[in-house]
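Q: Provided herewith is a single structure, encoded as structure tokens, for subsequent inquiry.
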Amino acid sequence: MTEQLKIVEALSRGLRHEQIDRIVALHNGYRAMHGIGALAVHVTLMESAKAKVDDMVATGLFSHGHRDGRRSSSYALDLGYDFTEFAENLNRYAPTVDDAFRGLTKSPGHRVNILRPMEHIGVAISQLDGQPYVVVHYGRLTVRNKDEL
């Protein structure tokens, strides 16, 4: 499935296409400036990021963990994204997606995640009490799953 079809599919599930597209473009531009390959949008990581942001909004818990104590990677695993590497970035209260991304690049830990040798990205955006919440999931599939693509 092409990146455009994946974004269209995400849009059909109610995700904010233009903001997501912008965050993906900012990531890939930043990675290019550092000589690192682009991330492809992956439907399953879009779904895992959406599940994570929905959970944060429902519980008010802004954390890399899950409300039941599991790691954030459990969202991707539960949806069938079998990875060799996974990372997550979170942002809240930034007035625009550009501000959210800029905030991530200023944090050493978040910047490392942006520049890691990943293949895929999934993004979700929601709001709690009028404040935006952004979840970005990054992943690299296992060799077994790459053969199935």
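Each chain of the structure tokens is named A, B, ... in the order shown, its residues numbered from 1; ligands are numbered from 1 in display order.
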Show me, as a PDB file with N, CA, C and O atoms, in the first residue's frame, the residues that have an atom within 9 Å of Tyr133 (chain A) when counting only C-alpha atoms, minus same-chain residues fewer than 3 positions from it.
A:
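Written out: around-v8.pdb:
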ATOM      1  N   VAL A  53      -3.349   7.723  22.137  1.00  0.00           N
ATOM      2  CA  VAL A  53      -3.852   9.064  22.421  1.00  0.00           C
ATOM      3  C   VAL A  53      -5.272   8.994  22.969  1.00  0.00           C
ATOM      4  O   VAL A  53      -5.637   9.746  23.880  1.00  0.00           O
ATOM      5  N   MET A  56      -4.927   8.124  26.605  1.00  0.00           N
ATOM      6  CA  MET A  56      -4.460   9.266  27.401  1.00  0.00           C
ATOM      7  C   MET A  56      -5.596  10.255  27.652  1.00  0.00           C
ATOM      8  O   MET A  56      -5.752  10.756  28.762  1.00  0.00           O
ATOM      9  N   VAL A  57      -6.383  10.527  26.633  1.00  0.00           N
ATOM     10  CA  VAL A  57      -7.491  11.475  26.771  1.00  0.00           C
ATOM     11  C   VAL A  57      -8.563  10.899  27.705  1.00  0.00           C
ATOM     12  O   VAL A  57      -9.101  11.617  28.555  1.00  0.00           O
ATOM     13  N   PHE A  62      -0.907  11.266  31.101  1.00  0.00           N
ATOM     14  CA  PHE A  62       0.088  11.627  30.089  1.00  0.00           C
ATOM     15  C   PHE A  62       1.374  10.915  30.471  1.00  0.00           C
ATOM     16  O   PHE A  62       2.132  11.363  31.330  1.00  0.00           O
ATOM     17  N   LEU A  90       5.757  11.786  22.840  1.00  0.00           N
ATOM     18  CA  LEU A  90       4.503  12.416  23.237  1.00  0.00           C
ATOM     19  C   LEU A  90       4.708  13.916  23.376  1.00  0.00           C
ATOM     20  O   LEU A  90       5.774  14.360  23.780  1.00  0.00           O
ATOM     21  N   ASN A  91       3.658  14.659  23.058  1.00  0.00           N
ATOM     22  CA  ASN A  91       3.697  16.104  23.260  1.00  0.00           C
ATOM     23  C   ASN A  91       2.296  16.560  23.623  1.00  0.00           C
ATOM     24  O   ASN A  91       1.314  16.014  23.120  1.00  0.00           O
ATOM     25  N   ARG A  92       2.217  17.561  24.480  1.00  0.00           N
ATOM     26  CA  ARG A  92       0.924  18.159  24.801  1.00  0.00           C
ATOM     27  C   ARG A  92       1.107  19.655  24.995  1.00  0.00           C
ATOM     28  O   ARG A  92       2.206  20.137  25.255  1.00  0.00           O
ATOM     29  N   TYR A  93       0.038  20.353  24.824  1.00  0.00           N
ATOM     30  CA  TYR A  93      -0.068  21.796  25.041  1.00  0.00           C
ATOM     31  C   TYR A  93       0.596  22.660  23.975  1.00  0.00           C
ATOM     32  O   TYR A  93       0.548  23.876  24.082  1.00  0.00           O
ATOM     33  N   ALA A  94       1.215  22.087  22.965  1.00  0.00           N
ATOM     34  CA  ALA A  94       1.787  22.902  21.887  1.00  0.00           C
ATOM     35  C   ALA A  94       0.637  23.421  21.022  1.00  0.00           C
ATOM     36  O   ALA A  94      -0.237  22.647  20.632  1.00  0.00           O
ATOM     37  N   ALA A 124      -0.938  10.291  15.879  1.00  0.00           N
ATOM     38  CA  ALA A 124      -2.326  10.565  16.245  1.00  0.00           C
ATOM     39  C   ALA A 124      -2.375  11.853  17.058  1.00  0.00           C
ATOM     40  O   ALA A 124      -1.446  12.164  17.807  1.00  0.00           O
ATOM     41  N   ILE A 125      -3.465  12.569  16.891  1.00  0.00           N
ATOM     42  CA  ILE A 125      -3.666  13.836  17.582  1.00  0.00           C
ATOM     43  C   ILE A 125      -5.066  13.843  18.172  1.00  0.00           C
ATOM     44  O   ILE A 125      -6.027  13.429  17.523  1.00  0.00           O
ATOM     45  N   SER A 126      -5.161  14.320  19.401  1.00  0.00           N
ATOM     46  CA  SER A 126      -6.467  14.486  20.030  1.00  0.00           C
ATOM     47  C   SER A 126      -6.395  15.689  20.952  1.00  0.00           C
ATOM     48  O   SER A 126      -5.380  16.394  20.971  1.00  0.00           O
ATOM     49  N   GLN A 127      -7.456  15.898  21.717  1.00  0.00           N
ATOM     50  CA  GLN A 127      -7.485  17.017  22.656  1.00  0.00           C
ATOM     51  C   GLN A 127      -8.066  16.578  23.987  1.00  0.00           C
ATOM     52  O   GLN A 127      -8.939  15.715  24.035  1.00  0.00           O
ATOM     53  N   LEU A 128      -7.571  17.191  25.041  1.00  0.00           N
ATOM     54  CA  LEU A 128      -8.116  17.027  26.376  1.00  0.00           C
ATOM     55  C   LEU A 128      -8.246  18.418  26.971  1.00  0.00           C
ATOM     56  O   LEU A 128      -7.263  19.160  27.031  1.00  0.00           O
TER      57      LEU A 128
END
Q: Do you know which residues are at most 9 Å from Ala49 (chain A) counting only C-alpha atoms, after dropping those on the same chain fewer than 4 positions away, and could you put them as a PDB file with all heavy atoms, in the first residue's frame?
A:
ATOM      1  N   THR A  44      -0.693   0.285  10.839  1.00  0.00           N
ATOM      2  CA  THR A  44      -0.767  -0.280  12.182  1.00  0.00           C
ATOM      3  C   THR A  44      -0.202   0.678  13.220  1.00  0.00           C
ATOM      4  O   THR A  44      -0.755   0.797  14.320  1.00  0.00           O
ATOM      5  CB  THR A  44      -0.054  -1.647  12.248  1.00  0.00           C
ATOM      6  OG1 THR A  44      -0.598  -2.496  11.241  1.00  0.00           O
ATOM      7  CG2 THR A  44      -0.227  -2.297  13.608  1.00  0.00           C
ATOM      8  N   LEU A  45       0.869   1.381  12.885  1.00  0.00           N
ATOM      9  CA  LEU A  45       1.401   2.365  13.838  1.00  0.00           C
ATOM     10  C   LEU A  45       0.475   3.581  13.948  1.00  0.00           C
ATOM     11  O   LEU A  45       0.399   4.201  15.010  1.00  0.00           O
ATOM     12  CB  LEU A  45       2.817   2.794  13.454  1.00  0.00           C
ATOM     13  CG  LEU A  45       3.898   1.749  13.692  1.00  0.00           C
ATOM     14  CD1 LEU A  45       5.270   2.307  13.325  1.00  0.00           C
ATOM     15  CD2 LEU A  45       3.892   1.222  15.112  1.00  0.00           C
ATOM     16  N   VAL A  53      -3.349   7.723  22.137  1.00  0.00           N
ATOM     17  CA  VAL A  53      -3.852   9.064  22.421  1.00  0.00           C
ATOM     18  C   VAL A  53      -5.272   8.994  22.969  1.00  0.00           C
ATOM     19  O   VAL A  53      -5.637   9.746  23.880  1.00  0.00           O
ATOM     20  CB  VAL A  53      -3.737  10.004  21.192  1.00  0.00           C
ATOM     21  CG1 VAL A  53      -4.855   9.805  20.183  1.00  0.00           C
ATOM     22  CG2 VAL A  53      -3.680  11.455  21.628  1.00  0.00           C
ATOM     23  N   ASP A  54      -6.082   8.073  22.466  1.00  0.00           N
ATOM     24  CA  ASP A  54      -7.436   7.901  22.997  1.00  0.00           C
ATOM     25  C   ASP A  54      -7.394   7.490  24.464  1.00  0.00           C
ATOM     26  O   ASP A  54      -8.186   7.969  25.279  1.00  0.00           O
ATOM     27  CB  ASP A  54      -8.213   6.868  22.188  1.00  0.00           C
ATOM     28  CG  ASP A  54      -8.627   7.366  20.810  1.00  0.00           C
ATOM     29  OD1 ASP A  54      -8.514   8.582  20.539  1.00  0.00           O
ATOM     30  OD2 ASP A  54      -9.053   6.515  19.994  1.00  0.00           O
ATOM     31  N   TYR A  75       0.599  -1.318  22.562  1.00  0.00           N
ATOM     32  CA  TYR A  75      -0.429  -0.890  21.613  1.00  0.00           C
ATOM     33  C   TYR A  75      -0.112  -1.434  20.221  1.00  0.00           C
ATOM     34  O   TYR A  75      -0.990  -1.936  19.527  1.00  0.00           O
ATOM     35  CB  TYR A  75      -0.526   0.640  21.560  1.00  0.00           C
ATOM     36  CG  TYR A  75      -1.071   1.262  22.808  1.00  0.00           C
ATOM     37  CD1 TYR A  75      -0.213   1.757  23.787  1.00  0.00           C
ATOM     38  CD2 TYR A  75      -2.443   1.384  23.015  1.00  0.00           C
ATOM     39  CE1 TYR A  75      -0.715   2.346  24.938  1.00  0.00           C
ATOM     40  CE2 TYR A  75      -2.945   1.970  24.157  1.00  0.00           C
ATOM     41  CZ  TYR A  75      -2.070   2.445  25.124  1.00  0.00           C
ATOM     42  OH  TYR A  75      -2.572   3.036  26.255  1.00  0.00           O
ATOM     43  N   ALA A  76       1.156  -1.320  19.802  1.00  0.00           N
ATOM     44  CA  ALA A  76       1.556  -1.809  18.480  1.00  0.00           C
ATOM     45  C   ALA A  76       1.528  -3.338  18.429  1.00  0.00           C
ATOM     46  O   ALA A  76       1.053  -3.925  17.452  1.00  0.00           O
ATOM     47  CB  ALA A  76       2.942  -1.285  18.125  1.00  0.00           C
ATOM     48  N   GLU A  88       8.470   5.848  21.130  1.00  0.00           N
ATOM     49  CA  GLU A  88       7.295   6.709  21.208  1.00  0.00           C
ATOM     50  C   GLU A  88       7.715   8.099  21.650  1.00  0.00           C
ATOM     51  O   GLU A  88       8.543   8.254  22.546  1.00  0.00           O
ATOM     52  CB  GLU A  88       6.314   6.127  22.233  1.00  0.00           C
ATOM     53  CG  GLU A  88       5.103   7.007  22.485  1.00  0.00           C
ATOM     54  CD  GLU A  88       4.200   6.445  23.550  1.00  0.00           C
ATOM     55  OE1 GLU A  88       4.533   6.575  24.755  1.00  0.00           O
ATOM     56  OE2 GLU A  88       3.167   5.862  23.172  1.00  0.00           O
ATOM     57  N   GLY A 122       3.785   6.363  12.856  1.00  0.00           N
ATOM     58  CA  GLY A 122       2.335   6.502  13.021  1.00  0.00           C
ATOM     59  C   GLY A 122       2.084   7.674  13.942  1.00  0.00           C
ATOM     60  O   GLY A 122       2.803   7.854  14.930  1.00  0.00           O
ATOM     61  N   VAL A 123       1.113   8.494  13.620  1.00  0.00           N
ATOM     62  CA  VAL A 123       0.851   9.725  14.364  1.00  0.00           C
ATOM     63  C   VAL A 123      -0.630   9.813  14.685  1.00  0.00           C
ATOM     64  O   VAL A 123      -1.472   9.470  13.849  1.00  0.00           O
ATOM     65  CB  VAL A 123       1.262  10.972  13.537  1.00  0.00           C
ATOM     66  CG1 VAL A 123       1.003  12.256  14.308  1.00  0.00           C
ATOM     67  CG2 VAL A 123       2.715  10.889  13.107  1.00  0.00           C
ATOM     68  N   ALA A 124      -0.938  10.291  15.879  1.00  0.00           N
ATOM     69  CA  ALA A 124      -2.326  10.565  16.245  1.00  0.00           C
ATOM     70  C   ALA A 124      -2.375  11.853  17.058  1.00  0.00           C
ATOM     71  O   ALA A 124      -1.446  12.164  17.807  1.00  0.00           O
ATOM     72  CB  ALA A 124      -2.921   9.416  17.036  1.00  0.00           C
ATOM     73  N   ILE A 125      -3.465  12.569  16.891  1.00  0.00           N
ATOM     74  CA  ILE A 125      -3.666  13.836  17.582  1.00  0.00           C
ATOM     75  C   ILE A 125      -5.066  13.843  18.172  1.00  0.00           C
ATOM     76  O   ILE A 125      -6.027  13.429  17.523  1.00  0.00           O
ATOM     77  CB  ILE A 125      -3.518  15.023  16.603  1.00  0.00           C
ATOM     78  CG1 ILE A 125      -2.152  15.001  15.929  1.00  0.00           C
ATOM     79  CG2 ILE A 125      -3.750  16.354  17.324  1.00  0.00           C
ATOM     80  CD1 ILE A 125      -2.044  15.907  14.732  1.00  0.00           C
ATOM     81  N   VAL A 134      -0.342  14.938  21.193  1.00  0.00           N
ATOM     82  CA  VAL A 134       0.240  14.322  20.002  1.00  0.00           C
ATOM     83  C   VAL A 134       1.003  13.069  20.428  1.00  0.00           C
ATOM     84  O   VAL A 134       1.796  13.107  21.373  1.00  0.00           O
ATOM     85  CB  VAL A 134       1.199  15.292  19.271  1.00  0.00           C
ATOM     86  CG1 VAL A 134       1.846  14.611  18.070  1.00  0.00           C
ATOM     87  CG2 VAL A 134       0.478  16.568  18.869  1.00  0.00           C
ATOM     88  N   VAL A 135       0.740  11.973  19.727  1.00  0.00           N
ATOM     89  CA  VAL A 135       1.468  10.719  19.947  1.00  0.00           C
ATOM     90  C   VAL A 135       2.126  10.333  18.630  1.00  0.00           C
ATOM     91  O   VAL A 135       1.474  10.327  17.583  1.00  0.00           O
ATOM     92  CB  VAL A 135       0.527   9.586  20.408  1.00  0.00           C
ATOM     93  CG1 VAL A 135       1.269   8.249  20.467  1.00  0.00           C
ATOM     94  CG2 VAL A 135      -0.101   9.914  21.752  1.00  0.00           C
ATOM     95  N   VAL A 136       3.416  10.017  18.694  1.00  0.00           N
ATOM     96  CA  VAL A 136       4.146   9.537  17.523  1.00  0.00           C
ATOM     97  C   VAL A 136       4.759   8.186  17.877  1.00  0.00           C
ATOM     98  O   VAL A 136       5.472   8.061  18.873  1.00  0.00           O
ATOM     99  CB  VAL A 136       5.257  10.512  17.096  1.00  0.00           C
ATOM    100  CG1 VAL A 136       5.935  10.021  15.819  1.00  0.00           C
ATOM    101  CG2 VAL A 136       4.727  11.927  16.919  1.00  0.00           C
ATOM    102  N   HIS A 137       4.426   7.180  17.078  1.00  0.00           N
ATOM    103  CA  HIS A 137       5.019   5.848  17.230  1.00  0.00           C
ATOM    104  C   HIS A 137       5.961   5.598  16.060  1.00  0.00           C
ATOM    105  O   HIS A 137       5.639   5.908  14.913  1.00  0.00           O
ATOM    106  CB  HIS A 137       3.938   4.770  17.271  1.00  0.00           C
ATOM    107  CG  HIS A 137       3.241   4.699  18.592  1.00  0.00           C
ATOM    108  ND1 HIS A 137       2.172   3.866  18.820  1.00  0.00           N
ATOM    109  CD2 HIS A 137       3.465   5.347  19.761  1.00  0.00           C
ATOM    110  CE1 HIS A 137       1.773   4.005  20.078  1.00  0.00           C
ATOM    111  NE2 HIS A 137       2.537   4.905  20.664  1.00  0.00           N
TER     112      HIS A 137
END
Q: In Å, with one decimal, what is the gap from CA of Pro117 (chain A) to CA of Ile36 (chain A)?
A: 7.6 Å
Q: Would you mind writing down, as a list in words, each residue of region 37-87 of chain A that DSSP on the backbone assigns to strand (DSSP E or B)?
A: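 Those residues are Ala40, Val41, Gly65, Arg71, Phe83, Thr84, Glu85, Phe86 and Ala87 of chain A.
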Q: Work out how far apart CA of Tyr30 (chain A) and CA of Ile114 (chain A) are and give it in Å to one decimal.
A: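 Spanning CA of Tyr30 (chain A) to CA of Ile114 (chain A) is a straight-line distance of 8.2 Å.
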Q: So that I can check the surroundings of Ser73 (chain A), please list as a list in words every protein, DNA and RNA residue that reaches within 9 Å of it, counting only C-alpha atoms and ignoring chain neighbours fewer than 3 positions away.
A: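 Once the nearby chain positions are removed, what remains is Ser48, Gly65, Arg70, Ala76, Leu77, Asp78, Phe86, Ala87, Glu88 and His137 of chain A.
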Q: So what do you get for CA of Gly130 (chain A) versus CA of His64 (chain A), distance-wise?
A: 21.0 Å
Q: Run DSSP on the backbone and give me the residues of chain A it puts in helix (DSSP H, G or I), as a ChimeraX atom specification.
A: /A:3-12,17-33,43-59,73-78,97-106,108-115,143-148
